[in-house]
>>> print(open('run.pdb').read())   # PDB, C-alpha atoms
ATOM      1  CA  MET A   1      32.658  51.942  -8.858  1.00  0.00           C
ATOM      2  CA  ALA A   2      30.678  51.141  -5.741  1.00  0.00           C
ATOM      3  CA  GLY A   3      28.503  48.734  -7.778  1.00  0.00           C
ATOM      4  CA  SER A   4      31.550  46.808  -9.084  1.00  0.00           C
ATOM      5  CA  ASN A   5      32.877  46.279  -5.537  1.00  0.00           C
ATOM      6  CA  GLY A   6      29.487  44.783  -4.559  1.00  0.00           C
ATOM      7  CA  LYS A   7      29.601  42.335  -7.504  1.00  0.00           C
ATOM      8  CA  GLN A   8      33.109  41.211  -6.556  1.00  0.00           C
ATOM      9  CA  LYS A   9      31.969  40.619  -2.962  1.00  0.00           C
ATOM     10  CA  THR A  10      28.966  38.561  -4.182  1.00  0.00           C
ATOM     11  CA  VAL A  11      31.145  36.443  -6.505  1.00  0.00           C
ATOM     12  CA  ARG A  12      33.738  35.964  -3.746  1.00  0.00           C
ATOM     13  CA  ASP A  13      31.017  34.966  -1.250  1.00  0.00           C
ATOM     14  CA  MET A  14      29.568  32.504  -3.752  1.00  0.00           C
ATOM     15  CA  ILE A  15      32.992  30.903  -4.373  1.00  0.00           C
ATOM     16  CA  LEU A  16      33.631  30.670  -0.620  1.00  0.00           C
ATOM     17  CA  SER A  17      30.201  29.085  -0.105  1.00  0.00           C
ATOM     18  CA  LEU A  18      30.856  26.503  -2.831  1.00  0.00           C
ATOM     19  CA  ALA A  19      34.261  25.716  -1.318  1.00  0.00           C
ATOM     20  CA  LEU A  20      32.683  25.306   2.121  1.00  0.00           C
ATOM     21  CA  ILE A  21      30.030  22.969   0.683  1.00  0.00           C
ATOM     22  CA  GLY A  22      32.767  20.947  -1.056  1.00  0.00           C
ATOM     23  CA  VAL A  23      34.738  20.620   2.199  1.00  0.00           C
ATOM     24  CA  ALA A  24      31.575  19.578   4.074  1.00  0.00           C
ATOM     25  CA  ALA A  25      30.761  16.950   1.406  1.00  0.00           C
ATOM     26  CA  ALA A  26      34.327  15.575   1.558  1.00  0.00           C
ATOM     27  CA  VAL A  27      34.155  15.305   5.370  1.00  0.00           C
ATOM     28  CA  ILE A  28      30.814  13.501   5.187  1.00  0.00           C
ATOM     29  CA  TYR A  29      32.129  11.087   2.536  1.00  0.00           C
ATOM     30  CA  VAL A  30      35.227  10.255   4.590  1.00  0.00           C
ATOM     31  CA  PHE A  31      33.453   9.763   7.915  1.00  0.00           C
ATOM     32  CA  VAL A  32      30.183   8.138   6.861  1.00  0.00           C
ATOM     33  CA  PRO A  33      30.715   4.379   6.510  1.00  0.00           C
ATOM     34  CA  HIS A  34      30.021   2.949   3.086  1.00  0.00           C
ATOM     35  CA  ASP A  35      30.584  -0.529   1.744  1.00  0.00           C
ATOM     36  CA  ASP A  36      31.583  -0.919  -1.871  1.00  0.00           C
ATOM     37  CA  GLY A  37      31.845  -4.734  -1.572  1.00  0.00           C
ATOM     38  CA  GLU A  38      29.310  -7.379  -2.417  1.00  0.00           C
ATOM     39  CA  PRO A  39      26.057  -7.321  -0.467  1.00  0.00           C
ATOM     40  CA  ASP A  40      25.785  -9.767   2.411  1.00  0.00           C
ATOM     41  CA  VAL A  41      23.487 -12.578   1.321  1.00  0.00           C
ATOM     42  CA  LYS A  42      21.370 -13.995   4.133  1.00  0.00           C
ATOM     43  CA  ARG A  43      21.660 -17.693   4.858  1.00  0.00           C
ATOM     44  CA  VAL A  44      18.331 -19.550   4.963  1.00  0.00           C
ATOM     45  CA  ASP A  45      17.579 -22.533   7.160  1.00  0.00           C
ATOM     46  CA  TYR A  46      15.973 -25.129   4.911  1.00  0.00           C
ATOM     47  CA  ARG A  47      15.559 -27.997   7.405  1.00  0.00           C
ATOM     48  CA  VAL A  48      11.784 -27.612   7.901  1.00  0.00           C
ATOM     49  CA  GLU A  49      11.073 -27.372   4.159  1.00  0.00           C
ATOM     50  CA  LEU A  50      13.345 -30.368   3.526  1.00  0.00           C
ATOM     51  CA  LEU A  51      11.488 -32.500   6.074  1.00  0.00           C
ATOM     52  CA  THR A  52       8.152 -31.416   4.592  1.00  0.00           C
ATOM     53  CA  ALA A  53       9.301 -32.197   1.055  1.00  0.00           C
ATOM     54  CA  ARG A  54      10.700 -35.596   2.040  1.00  0.00           C
ATOM     55  CA  ARG A  55       7.383 -36.552   3.660  1.00  0.00           C
ATOM     56  CA  ALA A  56       5.204 -35.284   0.807  1.00  0.00           C
ATOM     57  CA  ALA A  57       7.154 -35.926  -2.406  1.00  0.00           C
ATOM     58  CA  SER A  58       6.687 -39.068  -4.476  1.00  0.00           C
ATOM     59  CA  TYR A  59      10.476 -39.418  -4.923  1.00  0.00           C
ATOM     60  CA  PRO A  60      13.564 -39.236  -2.654  1.00  0.00           C
ATOM     61  CA  VAL A  61      14.240 -35.507  -2.153  1.00  0.00           C
ATOM     62  CA  ALA A  62      17.925 -34.568  -2.305  1.00  0.00           C
ATOM     63  CA  ALA A  63      19.836 -32.015  -0.244  1.00  0.00           C
ATOM     64  CA  PRO A  64      23.575 -31.622   0.331  1.00  0.00           C
ATOM     65  CA  GLN A  65      25.399 -32.947   3.367  1.00  0.00           C
ATOM     66  CA  GLY A  66      28.956 -32.103   4.315  1.00  0.00           C
ATOM     67  CA  LEU A  67      29.472 -29.024   2.151  1.00  0.00           C
ATOM     68  CA  PRO A  68      31.966 -26.536   3.584  1.00  0.00           C
ATOM     69  CA  GLU A  69      30.436 -23.703   5.663  1.00  0.00           C
ATOM     70  CA  GLU A  70      31.325 -21.218   2.880  1.00  0.00           C
ATOM     71  CA  TRP A  71      28.441 -22.632   0.805  1.00  0.00           C
ATOM     72  CA  LYS A  72      25.479 -20.517   1.847  1.00  0.00           C
ATOM     73  CA  ALA A  73      21.870 -21.670   1.327  1.00  0.00           C
ATOM     74  CA  THR A  74      19.961 -18.671  -0.051  1.00  0.00           C
ATOM     75  CA  SER A  75      16.567 -19.978  -1.188  1.00  0.00           C
ATOM     76  CA  VAL A  76      14.280 -22.933  -0.622  1.00  0.00           C
ATOM     77  CA  ARG A  77      10.785 -24.015  -1.678  1.00  0.00           C
ATOM     78  CA  PHE A  78       8.693 -27.121  -2.142  1.00  0.00           C
ATOM     79  CA  ARG A  79       5.524 -27.105  -4.220  1.00  0.00           C
ATOM     80  CA  GLY A  80       3.704 -30.389  -3.853  1.00  0.00           C
ATOM     81  CA  ASP A  81       0.862 -29.089  -6.022  1.00  0.00           C
ATOM     82  CA  ASP A  82       3.292 -28.426  -8.906  1.00  0.00           C
ATOM     83  CA  SER A  83       4.848 -31.802  -9.813  1.00  0.00           C
ATOM     84  CA  ASP A  84       6.411 -32.115  -6.342  1.00  0.00           C
ATOM     85  CA  ALA A  85       8.855 -29.361  -7.331  1.00  0.00           C
ATOM     86  CA  TRP A  86      11.828 -28.992  -4.948  1.00  0.00           C
ATOM     87  CA  HIS A  87      14.268 -26.059  -5.142  1.00  0.00           C
ATOM     88  CA  LEU A  88      17.304 -25.309  -2.999  1.00  0.00           C
ATOM     89  CA  GLY A  89      19.664 -22.481  -4.003  1.00  0.00           C
ATOM     90  CA  PHE A  90      23.192 -21.804  -2.760  1.00  0.00           C
ATOM     91  CA  ARG A  91      25.843 -19.145  -3.031  1.00  0.00           C
ATOM     92  CA  ALA A  92      29.167 -20.873  -3.660  1.00  0.00           C
ATOM     93  CA  PRO A  93      32.336 -19.705  -1.857  1.00  0.00           C
ATOM     94  CA  ASP A  94      33.397 -17.605  -4.888  1.00  0.00           C
ATOM     95  CA  GLY A  95      29.984 -15.896  -5.169  1.00  0.00           C
ATOM     96  CA  GLN A  96      28.583 -18.064  -7.970  1.00  0.00           C
ATOM     97  CA  TYR A  97      25.058 -19.493  -7.776  1.00  0.00           C
ATOM     98  CA  VAL A  98      24.291 -23.235  -7.651  1.00  0.00           C
ATOM     99  CA  GLN A  99      20.816 -24.733  -7.288  1.00  0.00           C
ATOM    100  CA  ILE A 100      19.281 -28.155  -6.844  1.00  0.00           C
ATOM    101  CA  GLU A 101      15.984 -28.638  -8.671  1.00  0.00           C
ATOM    102  CA  GLN A 102      13.895 -31.810  -8.563  1.00  0.00           C
ATOM    103  CA  SER A 103      10.503 -32.565 -10.055  1.00  0.00           C
ATOM    104  CA  THR A 104       8.226 -35.221 -11.523  1.00  0.00           C
ATOM    105  CA  GLN A 105       7.342 -32.824 -14.361  1.00  0.00           C
ATOM    106  CA  LYS A 106       8.034 -33.944 -17.955  1.00  0.00           C
ATOM    107  CA  PRO A 107      11.876 -34.006 -18.067  1.00  0.00           C
ATOM    108  CA  SER A 108      12.401 -31.976 -21.261  1.00  0.00           C
ATOM    109  CA  LYS A 109      10.294 -29.057 -20.040  1.00  0.00           C
ATOM    110  CA  PHE A 110      11.625 -29.252 -16.485  1.00  0.00           C
ATOM    111  CA  ILE A 111      15.299 -29.357 -17.543  1.00  0.00           C
ATOM    112  CA  ASP A 112      14.795 -26.420 -19.916  1.00  0.00           C
ATOM    113  CA  THR A 113      13.253 -24.343 -17.115  1.00  0.00           C
ATOM    114  CA  ALA A 114      15.730 -25.399 -14.402  1.00  0.00           C
ATOM    115  CA  SER A 115      18.779 -24.753 -16.599  1.00  0.00           C
ATOM    116  CA  GLN A 116      17.220 -21.721 -18.238  1.00  0.00           C
ATOM    117  CA  GLY A 117      17.643 -22.947 -21.771  1.00  0.00           C
ATOM    118  CA  SER A 118      20.637 -25.298 -21.691  1.00  0.00           C
ATOM    119  CA  ARG A 119      20.821 -28.238 -24.071  1.00  0.00           C
ATOM    120  CA  GLU A 120      22.047 -31.775 -23.547  1.00  0.00           C
ATOM    121  CA  THR A 121      25.621 -32.583 -24.521  1.00  0.00           C
ATOM    122  CA  LYS A 122      27.132 -36.008 -25.112  1.00  0.00           C
ATOM    123  CA  VAL A 123      29.309 -35.548 -22.004  1.00  0.00           C
ATOM    124  CA  THR A 124      28.458 -37.648 -18.953  1.00  0.00           C
ATOM    125  CA  GLN A 125      30.151 -37.772 -15.581  1.00  0.00           C
ATOM    126  CA  GLU A 126      30.101 -40.380 -12.803  1.00  0.00           C
ATOM    127  CA  ILE A 127      29.446 -38.632  -9.495  1.00  0.00           C
ATOM    128  CA  GLY A 128      28.682 -40.482  -6.282  1.00  0.00           C
ATOM    129  CA  GLY A 129      27.854 -43.703  -8.105  1.00  0.00           C
ATOM    130  CA  ALA A 130      25.377 -42.055 -10.508  1.00  0.00           C
ATOM    131  CA  THR A 131      25.707 -40.917 -14.115  1.00  0.00           C
ATOM    132  CA  TRP A 132      25.016 -37.233 -14.702  1.00  0.00           C
ATOM    133  CA  THR A 133      24.673 -35.620 -18.130  1.00  0.00           C
ATOM    134  CA  HIS A 134      26.182 -32.198 -18.857  1.00  0.00           C
ATOM    135  CA  TYR A 135      23.867 -29.498 -20.231  1.00  0.00           C
ATOM    136  CA  THR A 136      25.183 -26.173 -21.490  1.00  0.00           C
ATOM    137  CA  GLY A 137      24.353 -23.192 -23.697  1.00  0.00           C
ATOM    138  CA  GLY A 138      21.627 -21.571 -21.602  1.00  0.00           C
ATOM    139  CA  ARG A 139      21.838 -19.139 -18.754  1.00  0.00           C
ATOM    140  CA  TYR A 140      23.045 -21.941 -16.457  1.00  0.00           C
ATOM    141  CA  ASP A 141      25.256 -24.947 -17.032  1.00  0.00           C
ATOM    142  CA  ALA A 142      23.743 -28.073 -15.512  1.00  0.00           C
ATOM    143  CA  LEU A 143      24.240 -31.659 -14.437  1.00  0.00           C
ATOM    144  CA  VAL A 144      21.108 -33.771 -14.941  1.00  0.00           C
ATOM    145  CA  ARG A 145      19.994 -37.257 -13.939  1.00  0.00           C
ATOM    146  CA  SER A 146      16.682 -39.084 -13.704  1.00  0.00           C
ATOM    147  CA  ASP A 147      15.901 -41.666 -11.053  1.00  0.00           C
ATOM    148  CA  ARG A 148      12.799 -43.105  -9.359  1.00  0.00           C
ATOM    149  CA  GLY A 149      10.300 -41.058 -11.344  1.00  0.00           C
ATOM    150  CA  ALA A 150      11.974 -37.683 -10.796  1.00  0.00           C
ATOM    151  CA  THR A 151      14.550 -35.567 -12.570  1.00  0.00           C
ATOM    152  CA  THR A 152      17.338 -33.901 -10.588  1.00  0.00           C
ATOM    153  CA  VAL A 153      19.083 -30.840 -12.005  1.00  0.00           C
ATOM    154  CA  VAL A 154      22.124 -29.228 -10.386  1.00  0.00           C
ATOM    155  CA  ALA A 155      22.528 -25.959 -12.260  1.00  0.00           C
ATOM    156  CA  GLY A 156      23.873 -22.447 -11.935  1.00  0.00           C
ATOM    157  CA  THR A 157      26.514 -19.924 -12.835  1.00  0.00           C
ATOM    158  CA  GLY A 158      29.167 -21.995 -11.090  1.00  0.00           C
ATOM    159  CA  SER A 159      31.713 -24.123 -12.929  1.00  0.00           C
ATOM    160  CA  PHE A 160      31.083 -27.782 -13.724  1.00  0.00           C
ATOM    161  CA  GLU A 161      33.518 -28.543 -10.886  1.00  0.00           C
ATOM    162  CA  GLN A 162      31.268 -26.655  -8.448  1.00  0.00           C
ATOM    163  CA  LEU A 163      28.164 -28.336  -9.862  1.00  0.00           C
ATOM    164  CA  ALA A 164      29.884 -31.722  -9.421  1.00  0.00           C
ATOM    165  CA  GLU A 165      30.850 -30.820  -5.838  1.00  0.00           C
ATOM    166  CA  MET A 166      27.190 -30.099  -5.091  1.00  0.00           C
ATOM    167  CA  ALA A 167      25.993 -33.268  -6.876  1.00  0.00           C
ATOM    168  CA  LYS A 168      28.510 -35.354  -4.918  1.00  0.00           C
ATOM    169  CA  ALA A 169      27.207 -33.903  -1.617  1.00  0.00           C
ATOM    170  CA  LEU A 170      23.544 -34.732  -2.366  1.00  0.00           C
ATOM    171  CA  ARG A 171      21.837 -37.207  -0.041  1.00  0.00           C
ATOM    172  CA  THR A 172      18.226 -38.355   0.005  1.00  0.00           C
ATOM    173  CA  ALA A 173      17.997 -39.346   3.673  1.00  0.00           C
TER     174      ALA A 173
END
>>> encode(input="run.pdb", output="structure tokens")
Amino acid sequence: MAGSNGKQKTVRDMILSLALIGVAAAVIYVFVPHDDGEPDVKRVDYRVELLTARRAASYPVAAPQGLPEEWKATSVRFRGDDSDAWHLGFRAPDGQYVQIEQSTQKPSKFIDTASQGSRETKVTQEIGGATWTHYTGGRYDALVRSDRGATTVVAGTGSFEQLAEMAKALRTA
């Protein structure tokens, strides 16, 4: 009988230890801050790259002016050695992604890459005095126009309304 009392004590001690560990884990979970929301995306300052691109590119480089503060620039690059390729990416107020891509590369290849596989539709839209063509069906929807030897693509996961808002804000000087 003495052996059975020892087993009960061991089982009881193990259950108490597990309970204590559970309480400790619950306390840690409650008091340690954790964020289940979306990650904070850092805003990038693209002014220097924009000035560089505007000086070096063979076409008028476009960037938005007057967008609400909720539009957050997230990526920028200019590659003069690669068809004067200009890229400026934004996080829209609702978390969607919208990018401006410009290049002197062959339009069909450039549009396919910038829109990640979208195809031209018969839909056009007048925005800011220019005619833009809708592209859809790829990873991104896109608005596309060609002017002065370059192709401009406004593309992303955002709606066509958001793409149009970005296209309307584009300025070349």
>>> resolve_selection(input="run.pdb", expression="the PyMOL selection byres ((chain A and resi 65) around 7)", output="ChimeraX atom specification")
/A:63-64,66-67,169-171
>>> resolve_selection(input="run.pdb", expression="the PyMOL selection byres ((chain A and resi 49-53) around 12)", output="MDAnalysis selection string")
chainID A and resid 44:48 54:64 75:81 83:88 102:103 171:173
>>> write_last_selection(input="run.pdb", atoms="C-alpha atoms", output="short mmCIF file (atom, residue, chain, number, x, y, z; two decimals), keeping the file's coordinate frame")
data_model
loop_
_atom_site.label_atom_id
_atom_site.label_comp_id
_atom_site.auth_asym_id
_atom_site.auth_seq_id
_atom_site.Cartn_x
_atom_site.Cartn_y
_atom_site.Cartn_z
CA VAL A 44 18.33 -19.55 4.96
CA ASP A 45 17.58 -22.53 7.16
CA TYR A 46 15.97 -25.13 4.91
CA ARG A 47 15.56 -28.00 7.40
CA VAL A 48 11.78 -27.61 7.90
CA ARG A 54 10.70 -35.60 2.04
CA ARG A 55 7.38 -36.55 3.66
CA ALA A 56 5.20 -35.28 0.81
CA ALA A 57 7.15 -35.93 -2.41
CA SER A 58 6.69 -39.07 -4.48
CA TYR A 59 10.48 -39.42 -4.92
CA PRO A 60 13.56 -39.24 -2.65
CA VAL A 61 14.24 -35.51 -2.15
CA ALA A 62 17.92 -34.57 -2.31
CA ALA A 63 19.84 -32.02 -0.24
CA PRO A 64 23.58 -31.62 0.33
CA SER A 75 16.57 -19.98 -1.19
CA VAL A 76 14.28 -22.93 -0.62
CA ARG A 77 10.78 -24.02 -1.68
CA PHE A 78 8.69 -27.12 -2.14
CA ARG A 79 5.52 -27.10 -4.22
CA GLY A 80 3.70 -30.39 -3.85
CA ASP A 81 0.86 -29.09 -6.02
CA SER A 83 4.85 -31.80 -9.81
CA ASP A 84 6.41 -32.12 -6.34
CA ALA A 85 8.86 -29.36 -7.33
CA TRP A 86 11.83 -28.99 -4.95
CA HIS A 87 14.27 -26.06 -5.14
CA LEU A 88 17.30 -25.31 -3.00
CA GLN A 102 13.90 -31.81 -8.56
CA SER A 103 10.50 -32.56 -10.06
CA ARG A 171 21.84 -37.21 -0.04
CA THR A 172 18.23 -38.35 0.00
CA ALA A 173 18.00 -39.35 3.67
#
>>> atom_distance(input="run.pdb", atom1="atom CA of A:Val144", atom2="atom CA of A:Lys72")
21.8 Å
>>> atom_distance(input="run.pdb", atom1="atom CA of A:Tyr135", atom2="atom CA of A:Phe110")
12.8 Å
>>> closest_atom_pairs(input="run.pdb", of="stretch 38-116 of chain A", to="stretch 153-168 of chain A", cutoff="8 Å", atoms="all atoms listed in the file", output="JSON lines")
{"residue": "A:Pro64", "atom": "CA", "partner": "A:Met166", "partner_atom": "CA", "distance": 6.7}
{"residue": "A:Leu67", "atom": "CA", "partner": "A:Met166", "partner_atom": "CA", "distance": 7.7}
{"residue": "A:Ala92", "atom": "CA", "partner": "A:Gly158", "partner_atom": "CA", "distance": 7.5}
{"residue": "A:Gln96", "atom": "CA", "partner": "A:Gly158", "partner_atom": "CA", "distance": 5.1}
{"residue": "A:Tyr97", "atom": "CA", "partner": "A:Gly156", "partner_atom": "CA", "distance": 5.2}
{"residue": "A:Val98", "atom": "CA", "partner": "A:Gly156", "partner_atom": "CA", "distance": 4.4}
{"residue": "A:Gln99", "atom": "CA", "partner": "A:Ala155", "partner_atom": "CA", "distance": 5.4}
{"residue": "A:Ile100", "atom": "CA", "partner": "A:Val154", "partner_atom": "CA", "distance": 4.7}
{"residue": "A:Glu101", "atom": "CA", "partner": "A:Val153", "partner_atom": "CA", "distance": 5.1}
{"residue": "A:Gln102", "atom": "CA", "partner": "A:Val153", "partner_atom": "CA", "distance": 6.3}
{"residue": "A:Ile111", "atom": "CA", "partner": "A:Val153", "partner_atom": "CA", "distance": 6.9}
{"residue": "A:Ala114", "atom": "CA", "partner": "A:Val153", "partner_atom": "CA", "distance": 6.8}
{"residue": "A:Ser115", "atom": "CA", "partner": "A:Ala155", "partner_atom": "CA", "distance": 5.9}
>>> atom_distance(input="run.pdb", atom1="atom CA of A:Thr136", atom2="atom CA of A:Glu120")
6.7 Å
>>> build_atoms(input="run.pdb", residues="stretch 22-33 of chain A", atoms="all heavy atoms", output="PDB file, in the frame of the given file")
ATOM      1  N   GLY A  22      31.870  22.015  -0.599  1.00  0.00           N
ATOM      2  CA  GLY A  22      32.767  20.947  -1.056  1.00  0.00           C
ATOM      3  C   GLY A  22      33.522  20.309   0.096  1.00  0.00           C
ATOM      4  O   GLY A  22      33.645  19.084   0.181  1.00  0.00           O
ATOM      5  N   VAL A  23      34.031  21.138   1.024  1.00  0.00           N
ATOM      6  CA  VAL A  23      34.738  20.620   2.199  1.00  0.00           C
ATOM      7  C   VAL A  23      33.781  19.788   3.057  1.00  0.00           C
ATOM      8  O   VAL A  23      34.118  18.689   3.513  1.00  0.00           O
ATOM      9  CB  VAL A  23      35.369  21.771   3.011  1.00  0.00           C
ATOM     10  CG1 VAL A  23      35.865  21.282   4.357  1.00  0.00           C
ATOM     11  CG2 VAL A  23      36.509  22.399   2.216  1.00  0.00           C
ATOM     12  N   ALA A  24      32.566  20.299   3.273  1.00  0.00           N
ATOM     13  CA  ALA A  24      31.575  19.578   4.074  1.00  0.00           C
ATOM     14  C   ALA A  24      31.236  18.228   3.418  1.00  0.00           C
ATOM     15  O   ALA A  24      31.149  17.199   4.102  1.00  0.00           O
ATOM     16  CB  ALA A  24      30.310  20.419   4.254  1.00  0.00           C
ATOM     17  N   ALA A  25      31.067  18.201   2.116  1.00  0.00           N
ATOM     18  CA  ALA A  25      30.761  16.950   1.406  1.00  0.00           C
ATOM     19  C   ALA A  25      31.912  15.963   1.534  1.00  0.00           C
ATOM     20  O   ALA A  25      31.695  14.765   1.742  1.00  0.00           O
ATOM     21  CB  ALA A  25      30.450  17.237  -0.058  1.00  0.00           C
ATOM     22  N   ALA A  26      33.162  16.444   1.427  1.00  0.00           N
ATOM     23  CA  ALA A  26      34.327  15.575   1.558  1.00  0.00           C
ATOM     24  C   ALA A  26      34.403  14.978   2.959  1.00  0.00           C
ATOM     25  O   ALA A  26      34.682  13.790   3.128  1.00  0.00           O
ATOM     26  CB  ALA A  26      35.602  16.343   1.225  1.00  0.00           C
ATOM     27  N   VAL A  27      34.131  15.790   3.984  1.00  0.00           N
ATOM     28  CA  VAL A  27      34.155  15.305   5.370  1.00  0.00           C
ATOM     29  C   VAL A  27      33.080  14.237   5.565  1.00  0.00           C
ATOM     30  O   VAL A  27      33.331  13.187   6.162  1.00  0.00           O
ATOM     31  CB  VAL A  27      33.980  16.480   6.361  1.00  0.00           C
ATOM     32  CG1 VAL A  27      33.697  15.986   7.765  1.00  0.00           C
ATOM     33  CG2 VAL A  27      35.219  17.367   6.335  1.00  0.00           C
ATOM     34  N   ILE A  28      31.903  14.473   5.054  1.00  0.00           N
ATOM     35  CA  ILE A  28      30.814  13.501   5.187  1.00  0.00           C
ATOM     36  C   ILE A  28      31.192  12.197   4.486  1.00  0.00           C
ATOM     37  O   ILE A  28      31.018  11.118   5.030  1.00  0.00           O
ATOM     38  CB  ILE A  28      29.498  14.085   4.633  1.00  0.00           C
ATOM     39  CG1 ILE A  28      28.996  15.189   5.560  1.00  0.00           C
ATOM     40  CG2 ILE A  28      28.446  12.991   4.453  1.00  0.00           C
ATOM     41  CD1 ILE A  28      27.829  15.974   5.001  1.00  0.00           C
ATOM     42  N   TYR A  29      31.752  12.274   3.287  1.00  0.00           N
ATOM     43  CA  TYR A  29      32.129  11.087   2.536  1.00  0.00           C
ATOM     44  C   TYR A  29      33.168  10.271   3.298  1.00  0.00           C
ATOM     45  O   TYR A  29      33.094   9.051   3.360  1.00  0.00           O
ATOM     46  CB  TYR A  29      32.664  11.465   1.155  1.00  0.00           C
ATOM     47  CG  TYR A  29      33.081  10.266   0.339  1.00  0.00           C
ATOM     48  CD1 TYR A  29      32.135   9.503  -0.326  1.00  0.00           C
ATOM     49  CD2 TYR A  29      34.415   9.878   0.257  1.00  0.00           C
ATOM     50  CE1 TYR A  29      32.491   8.389  -1.061  1.00  0.00           C
ATOM     51  CE2 TYR A  29      34.788   8.761  -0.464  1.00  0.00           C
ATOM     52  CZ  TYR A  29      33.828   8.022  -1.121  1.00  0.00           C
ATOM     53  OH  TYR A  29      34.191   6.913  -1.831  1.00  0.00           O
ATOM     54  N   VAL A  30      34.154  10.946   3.873  1.00  0.00           N
ATOM     55  CA  VAL A  30      35.227  10.255   4.590  1.00  0.00           C
ATOM     56  C   VAL A  30      34.715   9.590   5.860  1.00  0.00           C
ATOM     57  O   VAL A  30      35.081   8.463   6.182  1.00  0.00           O
ATOM     58  CB  VAL A  30      36.392  11.228   4.903  1.00  0.00           C
ATOM     59  CG1 VAL A  30      37.379  10.612   5.876  1.00  0.00           C
ATOM     60  CG2 VAL A  30      37.088  11.629   3.616  1.00  0.00           C
ATOM     61  N   PHE A  31      33.848  10.266   6.607  1.00  0.00           N
ATOM     62  CA  PHE A  31      33.453   9.763   7.915  1.00  0.00           C
ATOM     63  C   PHE A  31      32.177   8.926   7.940  1.00  0.00           C
ATOM     64  O   PHE A  31      31.919   8.238   8.911  1.00  0.00           O
ATOM     65  CB  PHE A  31      33.331  10.926   8.913  1.00  0.00           C
ATOM     66  CG  PHE A  31      34.674  11.491   9.277  1.00  0.00           C
ATOM     67  CD1 PHE A  31      35.077  12.708   8.763  1.00  0.00           C
ATOM     68  CD2 PHE A  31      35.544  10.791  10.087  1.00  0.00           C
ATOM     69  CE1 PHE A  31      36.315  13.230   9.076  1.00  0.00           C
ATOM     70  CE2 PHE A  31      36.787  11.295  10.394  1.00  0.00           C
ATOM     71  CZ  PHE A  31      37.185  12.523   9.907  1.00  0.00           C
ATOM     72  N   VAL A  32      31.382   8.966   6.901  1.00  0.00           N
ATOM     73  CA  VAL A  32      30.183   8.138   6.861  1.00  0.00           C
ATOM     74  C   VAL A  32      30.582   6.785   6.285  1.00  0.00           C
ATOM     75  O   VAL A  32      31.144   6.709   5.200  1.00  0.00           O
ATOM     76  CB  VAL A  32      29.069   8.782   5.999  1.00  0.00           C
ATOM     77  CG1 VAL A  32      27.920   7.822   5.774  1.00  0.00           C
ATOM     78  CG2 VAL A  32      28.598  10.061   6.641  1.00  0.00           C
ATOM     79  N   PRO A  33      30.313   5.695   7.017  1.00  0.00           N
ATOM     80  CA  PRO A  33      30.715   4.379   6.510  1.00  0.00           C
ATOM     81  C   PRO A  33      29.949   4.011   5.247  1.00  0.00           C
ATOM     82  O   PRO A  33      28.746   4.250   5.143  1.00  0.00           O
ATOM     83  CB  PRO A  33      30.360   3.420   7.652  1.00  0.00           C
ATOM     84  CG  PRO A  33      29.557   4.186   8.628  1.00  0.00           C
ATOM     85  CD  PRO A  33      29.655   5.636   8.296  1.00  0.00           C
TER      86      PRO A  33
END
